[in-house]
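Visitor: Input: one structure, supplied below.
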Amino acid sequence: MTVAGWLARPRRQERKLSGAEVARRLELSARTGQRRLDKAAAYLQEVRQQQPRAHLRPVRS
């Protein structure tokens, strides 16, 4: 599963996913884990912003 998948999955625990946890799961350094977490969070934010507009079609001038 990807980092974005871990973020998108509903959690039963109140604990947030941290860069250190991502690093532990992927066997990377803590800093690289934080970078991956930041990149995945930005990707999910972009996807969420685009979804409400998916039904709209482009307007040509």
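Chain lettering (A, B, ...) mirrors the order of the structure tokens, residue numbering begins at 1 for each chain separately, and ligand numbering begins at 1 in order of display.
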Do a neighbour search on stretch 39-47 of chain A at 8 Å with only C-alpha atoms, toss out local chain neighbours closer than 3 positions, and write the hits as a ChimeraX atom specification.

Guide: /A:3-4,7-8,35-36,50-51

Visitor: Would you give me, as a ChimeraX atom specification, the residues in chain A that DSSP reads as helix (DSSP H, G or I)?

Guide: /A:3-8,19-26,30-53

Visitor: Record the distance separating atom CA of A:Gln49 and atom CA of A:Ala23, expressed in Å with one decimal.

Guide: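 It comes out at 27.3 Å.
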